[in-house]
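Visitor: This is structure-v4.cif, which holds mmCIF, C-alpha atoms:
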```
data_start
#
loop_
_atom_site.label_atom_id
_atom_site.label_comp_id
_atom_site.auth_asym_id
_atom_site.auth_seq_id
_atom_site.Cartn_x
_atom_site.Cartn_y
_atom_site.Cartn_z
CA MET A 87 105.12 -11.71 -35.78
CA ASN A 88 102.52 -12.36 -33.06
CA VAL A 89 100.94 -9.67 -30.89
CA VAL A 90 103.29 -10.32 -27.95
CA SER A 91 106.34 -9.84 -30.20
CA GLN A 92 104.81 -6.64 -31.58
CA ILE A 93 104.23 -5.30 -28.05
CA LYS A 94 107.82 -6.14 -27.10
CA GLU A 95 109.19 -4.36 -30.18
CA LYS A 96 107.14 -1.23 -29.50
CA ALA A 97 108.19 -1.24 -25.84
CA ARG A 98 111.85 -1.74 -26.77
CA ALA A 99 111.67 1.24 -29.17
CA LYS A 100 110.17 3.52 -26.50
CA HIS A 101 112.36 2.18 -23.66
CA ARG A 102 110.13 3.18 -20.78
CA ARG A 103 110.33 2.44 -17.05
CA VAL A 104 108.01 -0.08 -15.42
CA VAL A 105 107.56 -0.43 -11.67
CA LEU A 106 106.89 -3.91 -10.32
CA PRO A 107 105.34 -3.53 -6.85
CA GLU A 108 105.51 -7.28 -6.21
CA GLY A 109 109.31 -7.15 -6.21
CA THR A 110 109.70 -10.02 -3.76
CA GLU A 111 107.74 -12.43 -5.93
CA PRO A 112 109.96 -14.86 -7.91
CA ARG A 113 108.04 -14.38 -11.17
CA MET A 114 108.64 -10.62 -10.95
CA ILE A 115 112.36 -11.25 -10.47
CA GLN A 116 112.37 -13.48 -13.55
CA ALA A 117 110.35 -10.91 -15.51
CA THR A 118 112.89 -8.26 -14.50
CA GLY A 119 115.69 -10.39 -15.89
CA LYS A 120 113.85 -10.80 -19.17
CA LEU A 121 112.91 -7.12 -19.46
CA LEU A 122 116.48 -6.00 -18.80
CA THR A 123 118.22 -8.67 -20.89
CA GLU A 124 115.96 -8.05 -23.88
CA GLY A 125 116.13 -4.27 -23.47
CA ILE A 126 112.35 -4.00 -23.30
CA ALA A 127 112.17 -1.56 -20.38
CA SER A 128 113.96 -0.20 -17.34
CA VAL A 129 112.67 -1.74 -14.12
CA THR A 130 111.98 -0.56 -10.59
CA LEU A 131 111.33 -3.36 -8.09
CA LEU A 132 109.57 -2.53 -4.83
CA GLY A 133 110.01 -4.41 -1.57
CA ASP A 134 112.64 -5.30 0.98
CA ARG A 135 116.00 -4.83 -0.75
CA LYS A 136 117.61 -7.87 0.92
CA ASP A 137 114.72 -10.13 -0.10
CA ILE A 138 114.84 -8.86 -3.68
CA GLU A 139 118.62 -9.35 -3.91
CA ARG A 140 118.36 -12.84 -2.38
CA LEU A 141 115.70 -13.83 -4.92
CA GLY A 142 117.81 -12.42 -7.74
CA LYS A 143 120.69 -14.66 -6.69
CA GLU A 144 118.42 -17.70 -6.22
CA HIS A 145 117.00 -17.26 -9.72
CA HIS A 146 120.33 -16.28 -11.32
CA VAL A 147 119.00 -12.87 -12.36
CA ASP A 148 121.39 -9.93 -12.54
CA LEU A 149 119.53 -7.04 -10.88
CA GLY A 150 122.45 -4.62 -11.26
CA LYS A 151 120.55 -2.41 -13.72
CA ALA A 152 117.24 -2.55 -11.81
CA GLU A 153 116.26 0.13 -9.34
CA LEU A 154 115.36 -1.40 -5.96
CA ILE A 155 113.17 0.61 -3.58
CA ASP A 156 111.87 -0.28 -0.15
CA PRO A 157 108.87 2.10 0.15
CA VAL A 158 109.22 2.81 3.88
CA GLN A 159 112.98 3.38 3.58
CA SER A 160 112.62 5.64 0.54
CA PRO A 161 113.38 9.36 0.86
CA ASP A 162 110.01 9.90 -0.90
CA TYR A 163 107.98 8.06 1.73
CA LYS A 164 107.11 11.08 3.91
CA SER A 165 106.22 13.36 1.01
CA PHE A 166 104.12 10.59 -0.58
CA VAL A 167 102.27 10.14 2.73
CA SER A 168 101.53 13.89 2.86
CA GLU A 169 100.42 13.98 -0.77
CA PHE A 170 98.20 10.93 -0.33
CA MET A 171 96.57 12.58 2.69
CA GLU A 172 95.85 15.61 0.51
CA ILE A 173 94.48 13.46 -2.33
CA ARG A 174 92.19 11.53 0.03
CA LYS A 175 91.29 14.30 2.51
CA ALA A 176 87.67 14.42 1.29
CA LYS A 177 87.40 10.76 2.30
CA GLY A 178 88.63 11.56 5.82
CA ILE A 179 91.90 9.65 5.64
CA THR A 180 94.03 9.63 8.77
CA GLU A 181 97.80 10.00 8.82
CA ALA A 182 98.08 6.42 10.08
CA ASP A 183 96.03 5.18 7.11
CA ALA A 184 98.12 7.24 4.68
CA LYS A 185 101.33 5.80 6.15
CA LYS A 186 99.95 2.29 5.85
CA ALA A 187 98.93 2.92 2.25
CA MET A 188 102.32 4.33 1.21
CA ALA A 189 104.07 1.43 2.93
CA SER A 190 102.19 -0.79 0.49
CA PRO A 191 104.19 -1.36 -2.70
CA LEU A 192 100.95 -1.14 -4.72
CA PHE A 193 100.22 2.40 -3.52
CA PHE A 194 103.88 3.46 -3.57
CA GLY A 195 104.20 2.16 -7.14
CA ALA A 196 101.10 4.07 -8.20
CA MET A 197 102.65 7.21 -6.69
CA LEU A 198 105.79 6.66 -8.80
CA VAL A 199 103.56 6.59 -11.88
CA ARG A 200 101.72 9.71 -10.69
CA HIS A 201 105.08 11.50 -10.43
CA ASP A 202 106.25 10.28 -13.88
CA ARG A 203 109.04 8.25 -12.28
CA ALA A 204 107.54 5.17 -13.91
CA ASP A 205 105.48 4.86 -17.07
CA ALA A 206 103.54 1.84 -15.88
CA SER A 207 102.96 -0.34 -12.86
CA VAL A 208 102.43 -4.06 -13.36
CA SER A 209 101.09 -6.25 -10.59
CA GLY A 210 98.45 -8.79 -9.81
CA SER A 211 100.45 -11.99 -9.48
CA VAL A 212 99.98 -12.05 -5.70
CA ASN A 213 97.61 -9.12 -5.15
CA THR A 214 93.96 -9.21 -6.08
CA THR A 215 92.68 -7.23 -9.04
CA GLY A 216 90.60 -5.19 -6.58
CA ASP A 217 93.68 -4.22 -4.56
CA VAL A 218 95.65 -3.32 -7.69
CA LEU A 219 92.84 -1.17 -9.08
CA ARG A 220 92.11 0.43 -5.70
CA ALA A 221 95.69 1.69 -5.47
CA ALA A 222 95.68 2.98 -9.05
CA ILE A 223 92.30 4.70 -8.77
CA GLN A 224 93.02 6.29 -5.39
CA VAL A 225 96.50 7.54 -6.32
CA ILE A 226 96.38 8.17 -10.08
CA GLY A 227 92.64 8.44 -10.61
CA LEU A 228 90.52 8.12 -13.70
CA LYS A 229 90.47 10.49 -16.65
CA GLN A 230 87.66 13.01 -16.38
CA GLY A 231 84.45 11.55 -17.76
CA ILE A 232 85.57 7.94 -17.30
CA THR A 233 83.46 5.97 -14.84
CA THR A 234 84.14 2.36 -15.79
CA VAL A 235 87.41 0.52 -15.34
CA SER A 236 88.20 -2.44 -17.54
CA SER A 237 90.88 -5.09 -17.62
CA SER A 238 92.50 -7.51 -19.99
CA PHE A 239 95.43 -9.87 -20.10
CA ILE A 240 97.34 -11.86 -22.67
CA MET A 241 98.38 -15.48 -22.28
CA THR A 242 100.72 -17.40 -24.54
CA ILE A 243 100.15 -21.13 -24.38
CA PRO A 244 103.26 -23.09 -25.46
CA LYS A 245 101.21 -25.87 -27.07
CA PHE A 246 97.49 -25.57 -27.77
CA ARG A 247 95.93 -28.24 -29.94
CA ASP A 248 98.08 -28.25 -33.09
CA THR A 249 99.52 -24.77 -32.54
CA THR A 250 102.65 -23.69 -30.71
CA ASP A 251 102.81 -20.39 -28.82
CA LYS A 252 99.09 -19.75 -29.19
CA VAL A 253 98.18 -16.25 -28.00
CA PHE A 254 94.91 -15.58 -26.19
CA MET A 255 93.59 -12.26 -24.97
CA PHE A 256 91.04 -12.22 -22.18
CA GLY A 257 88.96 -9.14 -21.42
CA ASP A 258 87.06 -8.12 -18.31
CA CYS A 259 87.64 -11.38 -16.50
CA ALA A 260 88.20 -9.85 -13.09
CA VAL A 261 86.67 -6.40 -13.25
CA ILE A 262 83.46 -6.62 -15.28
CA PRO A 263 82.58 -10.30 -15.50
CA ASN A 264 79.26 -9.57 -17.25
CA PRO A 265 79.90 -6.51 -19.45
CA THR A 266 77.07 -4.83 -21.32
CA VAL A 267 77.36 -3.92 -24.98
#
```
Would you give me this structure, written as structure tokens?
Guide:
Amino acid sequence: MNVVSQIKEKARAKHRRVVLPEGTEPRMIQATGKLLTEGIASVTLLGDRKDIERLGKEHHVDLGKAELIDPVQSPDYKSFVSEFMEIRKAKGITEADAKKAMASPLFFGAMLVRHDRADASVSGSVNTTGDVLRAAIQVIGLKQGITTVSSSFIMTIPKFRDTTDKVFMFGDCAVIPNPTV
């Protein structure tokens, strides 16, 4: 069993909720179908509901068991704006900036994690690593004593040399391109 299969099995056993802020991106729709069909996790997709539903139909993905949230239309939007203003008050955030941030699926998704309404947020297919991390750091924050953020990702290559489904893990490719020991 390769590392990806092991991760899937562990996720399936824990059955957690993942929020996908890039809910109007076709790959996220396809990922939702796979996560739901394989019972790996519950899914919350963020974005315009009509766009998400249209993409689900286009890609033949049943989104009936997914939670769909348009951040600005959500009943949580106003309270998230107020909370974000409180979190960022030392930085001098304005109400207009807080509204703009919470209208962003990245920030709204991070707020869902902060409130334990999602166990993880996965994005970066259309947003930059910097934008993804900025939302997470500003909303969720870092554990006390942690000053460095790191990143990694796993790729499975269907055919690599003489191997099928070759798994590669890449570390610090976008966050710390030249890490020290």
Visitor: Would you pick out the contacts of Phe239 (chain A) at 9 Å or less, using all atoms listed in the file, so that residues sharing its chain but fewer than 2 positions from it are not included, and give the list as JSON, numbers by chain?
Guide: {"A": [237, 241, 254, 255, 256, 257, 258, 259]}
Visitor: Of the candidates A:Lys151, A:Lys136, A:Lys100, A:His146, which one gets nearest to Leu122 (chain A) if we count all atoms listed in the file?
Guide: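 The answer is A:Lys151, which sits nearest to Leu122 (chain A).
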Visitor: Name every residue that the PyMOL selection byres ((chain A and resi 217-233) around 12) selects in this structure, writing the answer as a PyMOL selection string with chains first and numbers rising.
Guide: chain A and resi 106-108+166-167+169-177+179+184+187-202+205-216+234-237+260-261
Visitor: Could you take the residues named above and write them with C-alpha atoms, as a compact mmCIF listing (two decimals), in the coordinates of the input?
Guide:
```txt
# COMPACT_ATOMS: atom_id res chain seq x y z
CA LEU A 106 106.89 -3.91 -10.32
CA PRO A 107 105.34 -3.53 -6.85
CA GLU A 108 105.51 -7.28 -6.21
CA PHE A 166 104.12 10.59 -0.58
CA VAL A 167 102.27 10.14 2.73
CA GLU A 169 100.42 13.98 -0.77
CA PHE A 170 98.20 10.93 -0.33
CA MET A 171 96.57 12.58 2.69
CA GLU A 172 95.85 15.61 0.51
CA ILE A 173 94.48 13.46 -2.33
CA ARG A 174 92.19 11.53 0.03
CA LYS A 175 91.29 14.30 2.51
CA ALA A 176 87.67 14.42 1.29
CA LYS A 177 87.40 10.76 2.30
CA ILE A 179 91.90 9.65 5.64
CA ALA A 184 98.12 7.24 4.68
CA ALA A 187 98.93 2.92 2.25
CA MET A 188 102.32 4.33 1.21
CA ALA A 189 104.07 1.43 2.93
CA SER A 190 102.19 -0.79 0.49
CA PRO A 191 104.19 -1.36 -2.70
CA LEU A 192 100.95 -1.14 -4.72
CA PHE A 193 100.22 2.40 -3.52
CA PHE A 194 103.88 3.46 -3.57
CA GLY A 195 104.20 2.16 -7.14
CA ALA A 196 101.10 4.07 -8.20
CA MET A 197 102.65 7.21 -6.69
CA LEU A 198 105.79 6.66 -8.80
CA VAL A 199 103.56 6.59 -11.88
CA ARG A 200 101.72 9.71 -10.69
CA HIS A 201 105.08 11.50 -10.43
CA ASP A 202 106.25 10.28 -13.88
CA ASP A 205 105.48 4.86 -17.07
CA ALA A 206 103.54 1.84 -15.88
CA SER A 207 102.96 -0.34 -12.86
CA VAL A 208 102.43 -4.06 -13.36
CA SER A 209 101.09 -6.25 -10.59
CA GLY A 210 98.45 -8.79 -9.81
CA SER A 211 100.45 -11.99 -9.48
CA VAL A 212 99.98 -12.05 -5.70
CA ASN A 213 97.61 -9.12 -5.15
CA THR A 214 93.96 -9.21 -6.08
CA THR A 215 92.68 -7.23 -9.04
CA GLY A 216 90.60 -5.19 -6.58
CA THR A 234 84.14 2.36 -15.79
CA VAL A 235 87.41 0.52 -15.34
CA SER A 236 88.20 -2.44 -17.54
CA SER A 237 90.88 -5.09 -17.62
CA ALA A 260 88.20 -9.85 -13.09
CA VAL A 261 86.67 -6.40 -13.25
```
Visitor: Where does the PyMOL selection byres ((chain A and resi 89) around 12) land in this file, that is, which residues does it pick, as a ChimeraX atom specification?
Guide: /A:87-88,90-96,240-242,251-255
Visitor: Using the chain letters and numbers from the file, give me the residues hit by the PyMOL selection byres ((chain A and resi 135) around 7), as a ChimeraX atom specification.
Guide: /A:133-134,136-139,154-156
Visitor: Kindly indicate which residue among A:Ser238, A:Asn264, A:Thr130, A:Ser160 lies nearest to Met114 (chain A), using all atoms listed in the file for the distances.
Guide: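 Of all the options, A:Thr130 lies closest to Met114 (chain A).
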Visitor: Of the residues A:Leu131, A:Thr123, A:Arg203, A:Pro161, which is the one nearest to Val147 (chain A), using all atoms listed in the file?
Guide: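 The shortest atom-to-atom distance to Val147 (chain A) comes from A:Thr123.
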Visitor: Quick one: pull the distance between CA of Gln116 (chain A) and CA of Glu153 (chain A), Å, one decimal.
Guide: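 According to the coordinates, CA of Gln116 (chain A) and CA of Glu153 (chain A) are separated by 14.8 Å.
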Visitor: How many Å lie between CA of Ala152 (chain A) and CA of Ser128 (chain A), rounded to one decimal?
Guide: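 Computed distance, CA of Ala152 (chain A) to CA of Ser128 (chain A), equals 6.8 Å.
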Visitor: Give me, please, the distance in Å between CA of His101 (chain A) and CA of Gln159 (chain A), quoted to one decimal.
Guide: 27.3 Å
Visitor: Which one of A:Asp148, A:Glu124, A:Asp248, A:Glu181 sits closest to Arg98 (chain A) if you count all atoms listed in the file?
Guide: A:Glu124
Visitor: Just checking: using only C-alpha atoms, which residue out of A:Thr250, A:Ser168, A:His145, A:Ala204 ends up closest to Val105 (chain A)?
Guide: A:Ala204
Visitor: Would you compute an axis-aligned box for region 134-141 of chain A, covering every atom listed for it in the file with 8 Å of margin on each side, and report centre and edge lengths in Å to one decimal as JSON?
Guide:
```
{"center_x": 115.6, "center_y": -9.3, "center_z": -2.0, "size_x": 22.0, "size_y": 25.0, "size_z": 21.9}
```
Visitor: Extract region 93-123 of chain A from the coordinates I pasted, and write it as a short mmCIF file (atom, residue, chain, number, x, y, z; two decimals), in the first residue's frame (atoms kept: N, CA, C and O atoms).
Guide:
```
data_model
loop_
_atom_site.label_atom_id
_atom_site.label_comp_id
_atom_site.auth_asym_id
_atom_site.auth_seq_id
_atom_site.Cartn_x
_atom_site.Cartn_y
_atom_site.Cartn_z
N ILE A 93 -2.91 7.33 3.48
CA ILE A 93 -3.54 8.60 3.88
C ILE A 93 -5.05 8.50 3.69
O ILE A 93 -5.83 8.91 4.56
N LYS A 94 -5.47 7.95 2.56
CA LYS A 94 -6.90 7.79 2.30
C LYS A 94 -7.56 6.90 3.36
O LYS A 94 -8.66 7.21 3.84
N GLU A 95 -6.93 5.81 3.70
CA GLU A 95 -7.49 4.89 4.69
C GLU A 95 -7.63 5.56 6.06
O GLU A 95 -8.65 5.42 6.73
N LYS A 96 -6.60 6.30 6.45
CA LYS A 96 -6.67 7.00 7.74
C LYS A 96 -7.77 8.06 7.72
O LYS A 96 -8.50 8.22 8.69
N ALA A 97 -7.87 8.78 6.61
CA ALA A 97 -8.91 9.81 6.49
C ALA A 97 -10.29 9.18 6.52
O ALA A 97 -11.20 9.69 7.19
N ARG A 98 -10.46 8.08 5.82
CA ARG A 98 -11.75 7.38 5.78
C ARG A 98 -12.17 6.94 7.19
O ARG A 98 -13.32 7.06 7.58
N ALA A 99 -11.20 6.45 7.96
CA ALA A 99 -11.48 5.97 9.33
C ALA A 99 -11.90 7.12 10.25
O ALA A 99 -12.74 6.95 11.11
N LYS A 100 -11.33 8.29 10.04
CA LYS A 100 -11.64 9.44 10.90
C LYS A 100 -12.87 10.20 10.42
O LYS A 100 -13.50 10.92 11.18
N HIS A 101 -13.17 10.08 9.15
CA HIS A 101 -14.29 10.77 8.48
C HIS A 101 -14.45 12.22 8.97
O HIS A 101 -15.38 12.54 9.71
N ARG A 102 -13.55 13.04 8.53
CA ARG A 102 -13.56 14.46 8.89
C ARG A 102 -14.21 15.28 7.79
O ARG A 102 -14.59 14.77 6.75
N ARG A 103 -14.31 16.58 8.03
CA ARG A 103 -14.88 17.52 7.05
C ARG A 103 -13.75 18.39 6.51
O ARG A 103 -12.97 18.95 7.26
N VAL A 104 -13.71 18.50 5.19
CA VAL A 104 -12.74 19.37 4.53
C VAL A 104 -13.51 20.47 3.80
O VAL A 104 -14.57 20.21 3.21
N VAL A 105 -13.00 21.69 3.89
CA VAL A 105 -13.58 22.80 3.14
C VAL A 105 -12.68 23.07 1.95
O VAL A 105 -11.45 23.09 2.06
N LEU A 106 -13.31 23.23 0.79
CA LEU A 106 -12.59 23.52 -0.45
C LEU A 106 -13.00 24.93 -0.89
O LEU A 106 -14.06 25.12 -1.49
N PRO A 107 -12.18 25.94 -0.55
CA PRO A 107 -12.52 27.31 -0.89
C PRO A 107 -12.62 27.59 -2.39
O PRO A 107 -13.32 28.50 -2.81
N GLU A 108 -11.95 26.79 -3.19
CA GLU A 108 -11.98 27.00 -4.65
C GLU A 108 -13.08 26.15 -5.26
O GLU A 108 -12.88 25.39 -6.20
N GLY A 109 -14.29 26.30 -4.71
CA GLY A 109 -15.43 25.47 -5.08
C GLY A 109 -15.94 25.63 -6.49
O GLY A 109 -16.71 24.81 -6.97
N THR A 110 -15.50 26.67 -7.17
CA THR A 110 -15.94 26.86 -8.56
C THR A 110 -14.83 26.47 -9.55
O THR A 110 -14.88 26.84 -10.71
N GLU A 111 -13.89 25.71 -9.08
CA GLU A 111 -12.80 25.22 -9.92
C GLU A 111 -13.10 23.76 -10.27
O GLU A 111 -13.38 22.96 -9.38
N PRO A 112 -13.11 23.39 -11.54
CA PRO A 112 -13.49 22.03 -11.95
C PRO A 112 -12.75 20.91 -11.22
O PRO A 112 -13.35 19.89 -10.87
N ARG A 113 -11.47 21.09 -10.94
CA ARG A 113 -10.72 20.03 -10.24
C ARG A 113 -11.23 19.84 -8.82
O ARG A 113 -11.21 18.73 -8.28
N MET A 114 -11.72 20.91 -8.20
CA MET A 114 -12.28 20.80 -6.85
C MET A 114 -13.62 20.06 -6.88
O MET A 114 -13.94 19.31 -5.97
N ILE A 115 -14.37 20.28 -7.94
CA ILE A 115 -15.64 19.56 -8.12
C ILE A 115 -15.34 18.07 -8.27
O ILE A 115 -15.97 17.22 -7.64
N GLN A 116 -14.37 17.74 -9.10
CA GLN A 116 -14.00 16.35 -9.31
C GLN A 116 -13.46 15.72 -8.03
O GLN A 116 -13.77 14.57 -7.71
N ALA A 117 -12.65 16.49 -7.29
CA ALA A 117 -12.13 15.99 -6.01
C ALA A 117 -13.27 15.72 -5.03
O ALA A 117 -13.26 14.72 -4.31
N THR A 118 -14.27 16.60 -5.04
CA THR A 118 -15.43 16.42 -4.17
C THR A 118 -16.12 15.09 -4.49
O THR A 118 -16.46 14.32 -3.59
N GLY A 119 -16.31 14.83 -5.78
CA GLY A 119 -16.93 13.57 -6.18
C GLY A 119 -16.15 12.38 -5.66
O GLY A 119 -16.73 11.43 -5.13
N LYS A 120 -14.85 12.44 -5.77
CA LYS A 120 -14.00 11.33 -5.32
C LYS A 120 -14.04 11.19 -3.80
O LYS A 120 -14.19 10.09 -3.27
N LEU A 121 -13.94 12.30 -3.09
CA LEU A 121 -13.97 12.26 -1.63
C LEU A 121 -15.28 11.68 -1.11
O LEU A 121 -15.29 10.86 -0.19
N LEU A 122 -16.38 12.10 -1.72
CA LEU A 122 -17.70 11.63 -1.28
C LEU A 122 -17.94 10.18 -1.69
O LEU A 122 -18.40 9.37 -0.88
N THR A 123 -17.63 9.85 -2.93
CA THR A 123 -17.86 8.49 -3.43
C THR A 123 -17.03 7.46 -2.65
O THR A 123 -17.53 6.39 -2.32
#
```
